[in-house]
>>> print(open('entry31.txt').read())   # compact mmCIF, C-alpha atoms
# COMPACT_ATOMS: atom_id res chain seq x y z
CA MET A 1 0.00 0.00 0.00
CA PRO A 2 1.40 3.44 -0.88
CA ALA A 3 1.89 5.99 1.87
CA TRP A 4 -1.47 7.33 3.03
CA LEU A 5 -0.34 8.67 6.41
CA THR A 6 1.87 11.75 6.40
CA ILE A 7 3.50 12.99 9.60
CA VAL A 8 4.58 16.61 9.41
CA GLY A 9 6.80 18.30 11.95
CA ILE A 10 5.55 21.85 12.38
CA GLY A 11 7.23 24.63 14.31
CA GLU A 12 5.93 27.65 16.18
CA ASP A 13 6.03 29.59 12.90
CA GLY A 14 3.22 27.42 11.53
CA LEU A 15 2.45 26.76 7.87
CA PRO A 16 4.84 29.43 6.46
CA GLY A 17 7.78 27.62 8.04
CA LEU A 18 7.11 24.32 6.24
CA GLY A 19 8.95 23.09 3.16
CA LYS A 20 7.15 22.62 -0.16
CA LYS A 21 6.37 18.89 0.25
CA ALA A 22 5.32 19.22 3.89
CA ARG A 23 3.02 22.14 3.08
CA ALA A 24 1.47 20.21 0.18
CA ALA A 25 0.81 17.21 2.46
CA VAL A 26 -1.00 19.44 4.96
CA LEU A 27 -3.08 21.23 2.33
CA GLN A 28 -4.04 18.05 0.43
CA ALA A 29 -5.03 15.96 3.44
CA ARG A 30 -8.67 15.00 3.80
CA THR A 31 -8.13 14.52 7.52
CA LEU A 32 -5.87 16.60 9.74
CA VAL A 33 -4.90 15.14 13.13
CA GLY A 34 -2.88 16.67 15.96
CA GLY A 35 -2.91 18.45 19.27
CA LYS A 36 -5.14 21.49 19.59
CA ARG A 37 -2.08 23.75 19.52
CA HIS A 38 -0.83 22.17 16.28
CA LEU A 39 -4.23 22.35 14.58
CA ALA A 40 -4.51 26.04 15.46
CA LEU A 41 -1.31 26.72 13.47
CA VAL A 42 -3.00 25.72 10.18
CA PRO A 43 -5.86 27.68 8.56
CA ASP A 44 -9.11 25.72 8.43
CA ARG A 45 -9.99 24.71 4.83
CA GLY A 46 -13.03 22.67 5.79
CA GLU A 47 -11.16 19.34 6.02
CA GLU A 48 -11.95 16.87 8.79
CA ARG A 49 -10.01 17.89 11.94
CA ILE A 50 -9.39 15.55 14.84
CA ALA A 51 -7.62 16.38 18.09
CA TRP A 52 -5.82 13.54 19.82
CA PRO A 53 -8.17 11.58 22.08
CA THR A 54 -7.73 11.02 25.81
CA PRO A 55 -6.61 8.37 26.59
CA PHE A 56 -4.33 8.20 23.58
CA ASP A 57 -4.80 4.44 22.98
CA GLY A 58 -7.94 5.13 20.93
CA ALA A 59 -5.86 7.06 18.38
CA TYR A 60 -4.60 3.92 16.65
CA ASP A 61 -8.05 2.58 15.75
CA MET A 62 -9.14 6.06 14.72
CA LEU A 63 -6.23 6.37 12.26
CA LEU A 64 -6.48 2.82 10.92
CA ALA A 65 -10.19 3.34 10.20
CA ARG A 66 -9.07 5.95 7.62
CA ARG A 67 -6.42 3.74 6.04
CA GLY A 68 -6.08 4.39 2.32
CA THR A 69 -7.28 8.02 2.44
CA PRO A 70 -4.89 10.98 2.81
CA VAL A 71 -4.38 11.64 6.52
CA CYS A 72 -1.89 14.17 7.85
CA VAL A 73 -0.67 14.13 11.43
CA LEU A 74 0.86 17.33 12.81
CA ALA A 75 3.66 17.01 15.35
CA SER A 76 6.29 19.13 17.06
CA GLY A 77 9.73 19.34 15.46
CA ASP A 78 11.14 15.96 14.46
CA PRO A 79 8.31 13.41 14.84
CA MET A 80 10.78 10.49 14.91
CA TRP A 81 12.73 11.80 17.92
CA PHE A 82 10.70 11.10 21.07
CA GLY A 83 7.66 12.04 18.98
CA ILE A 84 4.40 10.70 17.59
CA GLY A 85 6.18 9.33 14.52
CA ALA A 86 8.20 6.95 16.66
CA THR A 87 4.99 5.79 18.36
CA LEU A 88 2.96 5.29 15.16
CA SER A 89 5.82 3.50 13.36
CA ARG A 90 5.43 0.63 15.85
CA LYS A 91 1.84 0.12 14.70
CA ILE A 92 1.87 1.03 11.00
CA ALA A 93 4.22 -0.30 8.30
CA ALA A 94 7.00 2.07 7.20
CA GLU A 95 5.91 1.99 3.54
CA GLU A 96 2.52 3.42 4.54
CA ILE A 97 4.03 6.47 6.23
CA ALA A 98 5.77 9.57 4.87
CA VAL A 99 7.55 11.80 7.39
CA TYR A 100 8.59 15.43 6.92
CA PRO A 101 10.53 16.57 10.00
CA ALA A 102 11.14 20.13 11.12
CA PRO A 103 14.12 21.16 13.29
CA SER A 104 13.75 19.37 16.61
CA SER A 105 13.54 21.16 19.94
CA PHE A 106 16.95 19.64 20.71
CA ALA A 107 18.46 21.17 17.56
CA LEU A 108 16.93 24.58 18.25
CA ALA A 109 18.03 24.54 21.91
CA ALA A 110 21.59 23.52 21.00
CA ALA A 111 21.69 26.33 18.45
CA ARG A 112 20.57 28.91 21.02
CA LEU A 113 23.12 27.71 23.59
CA GLY A 114 26.02 27.05 21.23
CA TRP A 115 26.27 23.41 22.40
CA PRO A 116 27.57 20.76 19.97
CA LEU A 117 24.60 18.41 19.90
CA GLN A 118 26.72 15.26 19.59
CA ASP A 119 28.20 16.01 23.04
CA VAL A 120 24.84 16.37 24.79
CA ALA A 121 22.52 13.74 26.35
CA THR A 122 19.08 14.23 24.75
CA LEU A 123 16.34 13.05 27.12
CA THR A 124 12.61 13.27 27.72
CA VAL A 125 10.41 13.11 30.80
CA HIS A 126 7.23 13.65 28.79
CA GLY A 127 4.92 10.98 30.19
CA ARG A 128 7.88 9.30 31.94
CA PRO A 129 9.17 9.26 35.52
CA ILE A 130 11.58 12.08 36.27
CA GLU A 131 13.76 9.61 38.22
CA ALA A 132 14.96 8.24 34.86
CA LEU A 133 17.30 11.27 34.74
CA HIS A 134 19.51 9.94 37.56
CA PRO A 135 21.92 7.84 35.43
CA HIS A 136 22.73 10.88 33.29
CA ILE A 137 23.66 13.26 36.11
CA HIS A 138 27.45 13.47 36.36
CA PRO A 139 29.88 16.36 36.91
CA SER A 140 30.30 18.40 33.69
CA ALA A 141 27.53 16.51 31.84
CA ARG A 142 25.24 18.54 29.58
CA LEU A 143 21.60 17.49 29.29
CA LEU A 144 18.71 18.61 27.08
CA ILE A 145 15.40 17.47 28.55
CA LEU A 146 11.96 17.64 26.95
CA SER A 147 9.52 18.69 29.68
CA ASP A 148 6.22 17.09 30.57
CA SER A 149 4.64 20.38 31.67
CA CYS A 150 5.38 23.83 33.07
CA ARG A 151 6.08 22.14 36.44
CA THR A 152 8.95 20.04 35.09
CA PRO A 153 11.77 22.63 35.45
CA GLY A 154 11.05 22.96 39.17
CA GLU A 155 10.99 19.16 39.55
CA VAL A 156 14.34 18.84 37.74
CA ALA A 157 15.83 21.57 39.97
CA ARG A 158 14.64 19.69 43.08
CA LEU A 159 16.09 16.40 41.85
CA LEU A 160 19.45 18.07 41.17
CA ARG A 161 19.52 19.63 44.63
CA GLU A 162 18.74 16.29 46.28
CA ARG A 163 21.58 14.64 44.33
CA GLY A 164 24.10 17.27 45.47
CA PHE A 165 24.07 19.13 42.14
CA GLY A 166 22.47 22.37 43.32
CA ASP A 167 25.15 24.44 41.56
CA SER A 168 23.99 23.10 38.17
CA ARG A 169 22.97 25.75 35.65
CA LEU A 170 19.43 25.46 34.27
CA THR A 171 18.29 27.18 31.11
CA VAL A 172 14.61 26.82 30.25
CA LEU A 173 13.56 27.68 26.70
CA GLU A 174 9.86 28.19 25.94
CA HIS A 175 8.13 28.32 22.53
CA LEU A 176 11.36 27.79 20.60
CA GLY A 177 11.28 29.15 17.06
CA GLY A 178 8.18 31.29 17.55
CA PRO A 179 7.31 34.90 18.36
CA LYS A 180 6.75 34.04 22.06
CA GLU A 181 10.18 32.45 22.53
CA ARG A 182 11.49 33.03 26.06
CA ARG A 183 14.61 32.02 27.99
CA VAL A 184 15.15 31.70 31.76
CA ASP A 185 18.58 31.07 33.37
CA GLN A 186 19.08 30.11 37.05
CA THR A 187 20.91 27.56 39.17
CA ALA A 188 19.08 24.53 40.50
CA ARG A 189 19.67 25.80 44.04
CA ASP A 190 18.09 29.19 43.34
CA TRP A 191 15.32 28.04 41.03
CA LYS A 192 12.14 29.95 41.79
CA GLU A 193 11.11 31.05 38.31
CA ALA A 194 7.56 30.20 37.24
CA VAL A 195 7.48 28.72 33.76
CA GLY A 196 4.28 29.56 31.95
CA ALA A 197 4.42 27.23 28.95
CA ASP A 198 3.96 23.47 28.98
CA LEU A 199 6.00 23.46 25.76
CA ASN A 200 9.52 23.93 27.06
CA ILE A 201 12.93 22.29 27.00
CA ILE A 202 15.41 22.30 29.89
CA ALA A 203 19.16 22.59 29.36
CA VAL A 204 21.30 21.48 32.31
CA GLU A 205 25.01 21.96 32.87
CA CYS A 206 25.67 19.54 35.73
CA ARG A 207 27.87 20.95 38.49
CA ALA A 208 28.40 19.11 41.75
CA ASP A 209 28.18 21.19 44.92
CA ALA A 210 31.20 19.51 46.52
CA GLU A 211 32.52 15.95 46.73
CA VAL A 212 29.50 13.84 45.79
CA SER A 213 29.21 10.06 45.72
CA ARG A 214 29.99 8.97 42.17
CA LEU A 215 27.26 6.79 40.70
CA SER A 216 28.85 5.34 37.59
CA THR A 217 26.83 3.51 34.97
CA LEU A 218 29.43 0.74 35.17
CA ALA A 219 28.81 -2.22 37.47
CA GLY A 220 29.81 -2.01 41.12
CA LEU A 221 28.02 0.89 42.80
CA PRO A 222 28.86 1.38 46.48
CA ASP A 223 26.75 -0.79 48.80
CA THR A 224 25.72 2.43 50.54
CA ALA A 225 23.87 3.47 47.35
CA TYR A 226 21.20 0.89 48.24
CA VAL A 227 18.56 0.55 50.94
CA HIS A 228 18.83 -3.05 52.14
CA ASP A 229 18.66 -5.38 55.15
CA GLY A 230 21.97 -7.11 54.49
CA GLN A 231 20.64 -9.23 51.61
CA ILE A 232 22.72 -7.58 48.90
CA THR A 233 25.28 -8.87 46.43
CA LYS A 234 28.30 -6.95 47.67
CA ARG A 235 30.04 -4.45 45.44
CA ASP A 236 33.06 -6.49 44.28
CA ILE A 237 31.02 -9.68 43.77
CA ARG A 238 28.33 -7.66 42.00
CA ALA A 239 30.79 -6.19 39.51
CA THR A 240 32.10 -9.65 38.64
CA THR A 241 28.60 -11.10 38.41
CA LEU A 242 27.47 -8.41 35.97
CA ALA A 243 30.61 -8.92 33.89
CA HIS A 244 29.51 -12.55 33.43
CA LEU A 245 25.89 -11.54 32.73
CA ALA A 246 27.20 -9.16 30.02
CA PRO A 247 24.20 -6.83 29.50
CA SER A 248 23.60 -5.61 25.95
CA PRO A 249 21.11 -2.99 24.67
CA GLY A 250 17.49 -4.15 24.61
CA GLU A 251 18.05 -7.33 26.62
CA LEU A 252 15.83 -8.67 29.41
CA LEU A 253 17.17 -10.04 32.71
CA TRP A 254 15.35 -12.23 35.20
CA ASP A 255 16.77 -11.35 38.63
CA VAL A 256 15.56 -14.32 40.68
CA GLY A 257 15.72 -13.84 44.45
CA ALA A 258 16.43 -10.17 43.83
CA GLY A 259 16.98 -9.08 47.46
CA CYS A 260 17.30 -5.29 47.30
CA GLY A 261 17.48 -5.36 43.48
CA SER A 262 21.14 -4.41 43.02
CA ILE A 263 21.93 -6.79 40.14
CA GLY A 264 18.80 -5.94 38.15
CA ILE A 265 19.24 -2.21 38.77
CA GLU A 266 22.83 -2.16 37.54
CA TRP A 267 21.85 -4.31 34.56
CA MET A 268 19.39 -1.55 33.55
CA ARG A 269 21.86 1.26 34.25
CA ALA A 270 24.20 -0.32 31.67
CA HIS A 271 21.95 0.91 28.82
CA PRO A 272 18.60 2.77 28.72
CA THR A 273 16.93 -0.06 26.75
CA CYS A 274 17.91 -2.89 29.12
CA ARG A 275 15.00 -4.37 31.10
CA THR A 276 14.69 -6.34 34.34
CA PHE A 277 12.08 -8.52 36.01
CA ALA A 278 13.00 -8.64 39.71
CA ILE A 279 11.44 -11.71 41.36
CA GLU A 280 11.40 -11.52 45.17
CA ALA A 281 9.34 -13.47 47.72
CA ASP A 282 9.86 -11.13 50.69
CA ALA A 283 7.45 -8.16 50.73
CA ALA A 284 9.79 -5.91 52.72
CA ARG A 285 12.58 -6.50 50.20
CA CYS A 286 10.20 -5.65 47.36
CA GLU A 287 9.81 -2.27 49.08
CA PHE A 288 13.60 -1.91 49.10
CA ILE A 289 13.68 -2.65 45.36
CA ASP A 290 11.00 -0.03 44.76
CA GLN A 291 12.98 2.61 46.64
CA ASN A 292 16.27 1.66 44.99
CA ARG A 293 14.95 1.61 41.41
CA CYS A 294 13.75 5.23 41.83
CA ARG A 295 16.86 6.44 43.68
CA LEU A 296 19.13 4.98 41.02
CA GLY A 297 17.23 6.01 37.92
CA VAL A 298 15.55 2.84 36.63
CA PRO A 299 11.89 3.36 37.62
CA ASP A 300 10.71 1.02 34.84
CA LEU A 301 12.28 -2.03 36.52
CA ARG A 302 9.41 -4.48 37.04
CA ILE A 303 8.97 -5.95 40.53
CA LEU A 304 7.27 -9.36 40.80
CA HIS A 305 6.36 -10.30 44.36
CA GLY A 306 6.28 -14.06 44.71
CA ARG A 307 8.31 -17.24 44.82
CA ALA A 308 10.21 -18.99 42.05
CA PRO A 309 9.68 -21.23 40.16
CA GLU A 310 5.89 -20.74 40.35
CA LEU A 311 6.06 -17.04 39.45
CA LEU A 312 8.20 -17.64 36.37
CA SER A 313 5.47 -19.17 34.22
CA GLY A 314 4.27 -16.93 31.40
CA LEU A 315 7.00 -14.31 31.71
CA ALA A 316 8.71 -12.94 28.61
CA THR A 317 11.74 -14.98 27.48
CA PRO A 318 14.90 -13.71 29.19
CA ASP A 319 18.22 -13.01 27.51
CA ALA A 320 19.98 -13.61 30.82
CA VAL A 321 19.06 -14.99 34.24
CA PHE A 322 20.70 -14.30 37.58
CA ILE A 323 19.86 -16.52 40.53
CA GLY A 324 20.92 -14.79 43.70
CA GLY A 325 18.41 -16.40 46.06
CA GLY A 326 16.23 -19.46 46.14
CA LEU A 327 18.81 -21.66 44.43
CA SER A 328 18.05 -24.56 46.78
CA GLU A 329 14.32 -24.42 46.00
CA PRO A 330 13.26 -27.41 43.85
CA HIS A 331 13.37 -26.87 40.08
CA VAL A 332 14.40 -23.20 40.18
CA ILE A 333 17.60 -23.57 38.16
CA GLU A 334 15.94 -26.07 35.79
CA ARG A 335 13.02 -23.72 35.10
CA CYS A 336 15.34 -20.76 34.53
CA TRP A 337 17.53 -22.72 32.12
CA GLU A 338 14.50 -23.98 30.22
CA ALA A 339 13.08 -20.45 29.84
CA LEU A 340 16.40 -18.90 28.76
CA ARG A 341 16.69 -18.14 25.07
CA PRO A 342 19.34 -20.07 23.07
CA GLY A 343 22.60 -18.16 23.40
CA GLY A 344 21.45 -16.58 26.67
CA ARG A 345 23.50 -16.49 29.86
CA LEU A 346 22.72 -17.99 33.25
CA VAL A 347 24.71 -16.83 36.28
CA ALA A 348 24.11 -18.12 39.80
CA ASN A 349 25.89 -17.32 43.06
CA ALA A 350 26.20 -19.70 46.00
CA VAL A 351 27.52 -19.12 49.54
CA THR A 352 26.43 -22.35 51.28
CA LEU A 353 27.82 -25.85 50.73
CA GLN A 354 24.37 -27.08 49.72
CA SER A 355 23.85 -24.45 47.03
CA GLU A 356 27.44 -24.87 45.87
CA ALA A 357 26.76 -28.59 45.40
CA ILE A 358 23.79 -27.73 43.17
CA LEU A 359 25.99 -25.55 40.96
CA THR A 360 28.69 -28.23 40.76
CA GLU A 361 26.16 -30.86 39.71
CA TRP A 362 24.54 -28.47 37.23
CA ARG A 363 27.89 -27.72 35.61
CA GLN A 364 28.47 -31.44 35.10
CA ARG A 365 25.13 -31.64 33.25
CA THR A 366 25.22 -28.51 31.12
CA GLY A 367 28.78 -27.21 31.14
CA GLY A 368 29.78 -23.71 32.09
CA GLU A 369 32.41 -22.13 34.27
CA LEU A 370 32.75 -22.23 38.06
CA THR A 371 34.62 -19.42 39.81
CA ARG A 372 35.39 -19.08 43.52
CA LEU A 373 35.50 -15.44 44.65
CA SER A 374 37.01 -14.38 47.94
CA VAL A 375 37.25 -10.71 48.92
CA ALA A 376 39.07 -9.25 51.92
CA HIS A 377 38.94 -5.68 53.20
CA ALA A 378 41.41 -3.99 55.50
CA GLY A 379 40.03 -3.11 58.92
CA ALA A 380 41.09 -2.18 62.43
CA LEU A 381 42.74 -4.94 64.46
CA GLY A 382 43.50 -3.48 67.86
CA ARG A 383 46.08 -0.75 67.36
CA PHE A 384 46.87 -2.05 63.88
CA ASP A 385 45.06 -3.03 60.69
CA GLY A 386 44.32 -6.46 59.33
CA TRP A 387 42.44 -8.25 56.58
CA ARG A 388 38.84 -9.30 57.17
CA THR A 389 37.72 -11.88 54.64
CA ALA A 390 34.07 -12.12 53.64
CA MET A 391 32.42 -15.49 53.00
CA PRO A 392 33.59 -16.86 49.65
CA VAL A 393 31.11 -16.96 46.80
CA THR A 394 30.95 -19.66 44.13
CA LEU A 395 29.77 -18.31 40.78
CA LEU A 396 28.43 -20.44 37.94
CA SER A 397 28.35 -18.86 34.48
CA ALA A 398 26.83 -20.86 31.62
CA THR A 399 25.67 -20.03 28.09
CA LYS A 400 22.73 -21.96 26.67
CA PRO A 401 23.70 -23.66 23.40
CA VAL A 402 22.21 -22.51 20.12
CA LEU A 403 20.64 -25.58 18.49
CA ARG A 404 21.26 -26.37 14.85
CA ALA A 405 18.81 -28.34 12.75
CA GLY A 406 18.87 -32.03 13.66
CA GLU A 407 20.86 -31.61 16.88
CA PRO A 408 19.45 -33.27 20.04
CA ARG A 409 18.11 -30.90 22.68
CA PRO A 410 20.49 -30.59 25.69
CA ILE A 411 19.29 -31.21 29.22
>>> encode(input="entry31.txt", output="structure tokens")
Amino acid sequence: MPAWLTIVGIGEDGLPGLGKKARAAVLQARTLVGGKRHLALVPDRGEERIAWPTPFDGAYDMLLARRGTPVCVLASGDPMWFGIGATLSRKIAAEEIAVYPAPSSFALAAARLGWPLQDVATLTVHGRPIEALHPHIHPSARLLILSDSCRTPGEVARLLRERGFGDSRLTVLEHLGGPKERRVDQTARDWKEAVGADLNIIAVECRADAEVSRLSTLAGLPDTAYVHDGQITKRDIRATTLAHLAPSPGELLWDVGAGCGSIGIEWMRAHPTCRTFAIEADAARCEFIDQNRCRLGVPDLRILHGRAPELLSGLATPDAVFIGGGLSEPHVIERCWEALRPGGRLVANAVTLQSEAILTEWRQRTGGELTRLSVAHAGALGRFDGWRTAMPVTLLSATKPVLRAGEPRPI
């Protein structure tokens, strides 16, 4: 089917600011769809006009009901960059869509500030938790953030203050590219300015107030970064465990016996598209996971309260599985291995002789690598210092074979 749906990025300057093809698509459409603000930018020619419904889910059926007739969707800036084009492309085939982008809010903001766009983190909190900003806040980092509303700049300023980045410079740009364009500059600490427009973008130059705790996106955050009751994979063991799990963009982890959620959280911090299902039987520890996922910037981590293996049925196929608790429960490791996709990784940690025996026997059946980890930290010993050794941890790391046609299925 030829393209019947056109998505046009339109700026604050309206129809005169569009290119020839984009303007023709708007003027020839039988149906014009967009937000009320976008529709107001185009003179009414008597065509059918539809504002986006609330809730938005009904928009898909509304558009598909007009399939085959010229429909034009109006959007802000570049529709394929955190915009409606990216959303609709998941539902409608690419050959049915034509897209004419305008300069994005990110491009306009970078131009106003003189920031090389390739050196800036481009983010959005439109319809998303503001806590997702945490992994991007580092000394000297530059951020461009699409707001959710006029309240967002104040919320970003508060988050920066709470993280110890009150000296960060905030620049809020409203109505970029139009006659009502406005700019406000303040520090996060001093932010009191009322922003009048829901359409705004926030530029942040991150500046730490003093010596702040570094929260790297690499594995091995300090144990003090987490709320926990002692059930936590300690920092040095955690870094090694995640090295074996080897997170890659877009992959899903099952964190079985998640404790305070440290493994699953750091899996997601490795890349914005990584996902985690944290399975935990203890209700109080589920509360710890909830607090930690927000504090550490992965609010989309999914918490599943219940016991493995019963809770594992029907979950999406994992790319990797970590078993940090419940290893001695019947059939847990078998169920995890069975669910794992071919080529996926299973990592399990054991501290007791009984759970270590399970890993040893499992390695004999399926292969893999066993590693004994022992970590010692220097501590006071009377008037002197000495080494205090933590309980050793046995780590199993195994990759599920990829079957070729005609090969027997492994155990």
>>> closest_residue(input="entry31.txt", among="A:Pro135, A:Gly324, A:Pro53, A:Gly261", to="Val393 in chain A", atoms="only C-alpha atoms")
A:Gly324
>>> residues_around(input="entry31.txt", residues="range 157-168 of chain A", least_positions_apart="4", cutoff="9 Å", atoms="all atoms listed in the file", output="list in words")
Ile130, Glu131, Leu133, His134, Ile137, His138, Pro139, Thr152, Pro153, Gln186, Thr187, Ala188, Arg189, Asp190, Trp191, Val204, Glu205, Cys206, Arg207, Ala208, Asp209, Ala210, Glu211, Val212 and Ser213 of chain A
>>> residues_around(input="entry31.txt", residues="Ser147 in chain A", least_positions_apart="4", cutoff="7 Å", atoms="all atoms listed in the file", output="NGL selection string")
:A and (124-126 or 152 or 200-202)
>>> atom_distance(input="entry31.txt", atom1="CA of Gly17 in chain A", atom2="CA of Gly85 in chain A")
19.5 Å
>>> atom_distance(input="entry31.txt", atom1="CA of Gly34 in chain A", atom2="CA of Gly154 in chain A")
27.8 Å
>>> atom_distance(input="entry31.txt", atom1="CA of His228 in chain A", atom2="CA of Val256 in chain A")
16.4 Å
>>> residues_around(input="entry31.txt", residues="His38 in chain A", least_positions_apart="4", cutoff="8 Å", atoms="only C-alpha atoms", output="NGL selection string")
:A and (10 or 34 or 42 or 74-76)
>>> closest_residue(input="entry31.txt", among="A:Leu296, A:Leu144, A:Leu123, A:Ala3", to="Ile97 in chain A", atoms="only C-alpha atoms")
A:Ala3
>>> residues_around(input="entry31.txt", residues="range 325-335 of chain A", least_positions_apart="2", cutoff="10 Å", atoms="all atoms listed in the file", output="number ranges by chain")
A: 231, 255-259, 279-281, 307-310, 312-313, 321-323, 337-340, 346-350, 352, 354-359, 362, 411
>>> closest_residue(input="entry31.txt", among="A:Cys72, A:Ala65, A:Leu253, A:Ile263", to="Glu48 in chain A", atoms="all atoms listed in the file")
A:Cys72
>>> closest_residue(input="entry31.txt", among="A:Gln28, A:Arg128, A:Ala59, A:Thr6", to="Arg45 in chain A", atoms="all atoms listed in the file")
A:Gln28
>>> build_atoms(input="entry31.txt", residues="range 220-233 of chain A", atoms="N, CA and C atoms", output="mmCIF file, in the coordinates of the input")
data_model
loop_
_atom_site.group_PDB
_atom_site.id
_atom_site.type_symbol
_atom_site.label_atom_id
_atom_site.label_comp_id
_atom_site.auth_asym_id
_atom_site.auth_seq_id
_atom_site.Cartn_x
_atom_site.Cartn_y
_atom_site.Cartn_z
ATOM 1 N N GLY A 220 29.070 -2.119 39.874
ATOM 2 C CA GLY A 220 29.810 -2.010 41.120
ATOM 3 C C GLY A 220 29.581 -0.710 41.862
ATOM 4 N N LEU A 221 28.312 -0.280 41.979
ATOM 5 C CA LEU A 221 28.020 0.890 42.800
ATOM 6 C C LEU A 221 28.339 0.596 44.262
ATOM 7 N N PRO A 222 28.621 1.618 45.056
ATOM 8 C CA PRO A 222 28.860 1.380 46.480
ATOM 9 C C PRO A 222 27.628 0.724 47.123
ATOM 10 N N ASP A 223 27.876 -0.161 48.095
ATOM 11 C CA ASP A 223 26.750 -0.790 48.800
ATOM 12 C C ASP A 223 25.869 0.252 49.472
ATOM 13 N N THR A 224 26.474 1.378 49.863
ATOM 14 C CA THR A 224 25.720 2.430 50.540
ATOM 15 C C THR A 224 24.734 3.140 49.603
ATOM 16 N N ALA A 225 24.830 2.874 48.289
ATOM 17 C CA ALA A 225 23.870 3.470 47.350
ATOM 18 C C ALA A 225 22.501 2.818 47.461
ATOM 19 N N TYR A 226 22.432 1.674 48.164
ATOM 20 C CA TYR A 226 21.200 0.890 48.240
ATOM 21 C C TYR A 226 20.612 0.903 49.646
ATOM 22 N N VAL A 227 19.281 0.848 49.696
ATOM 23 C CA VAL A 227 18.560 0.550 50.940
ATOM 24 C C VAL A 227 18.430 -0.968 50.994
ATOM 25 N N HIS A 228 18.884 -1.586 52.072
ATOM 26 C CA HIS A 228 18.830 -3.050 52.140
ATOM 27 C C HIS A 228 18.888 -3.505 53.596
ATOM 28 N N ASP A 229 18.623 -4.798 53.805
ATOM 29 C CA ASP A 229 18.660 -5.380 55.150
ATOM 30 C C ASP A 229 19.820 -6.354 55.311
ATOM 31 N N GLY A 230 20.833 -6.201 54.471
ATOM 32 C CA GLY A 230 21.970 -7.110 54.490
ATOM 33 C C GLY A 230 21.945 -8.107 53.347
ATOM 34 N N GLN A 231 20.762 -8.319 52.753
ATOM 35 C CA GLN A 231 20.640 -9.230 51.610
ATOM 36 C C GLN A 231 20.967 -8.451 50.336
ATOM 37 N N ILE A 232 22.259 -8.317 50.081
ATOM 38 C CA ILE A 232 22.720 -7.580 48.900
ATOM 39 C C ILE A 232 23.961 -8.278 48.372
ATOM 40 N N THR A 233 24.048 -8.397 47.058
ATOM 41 C CA THR A 233 25.280 -8.870 46.430
ATOM 42 C C THR A 233 26.299 -7.760 46.558
#
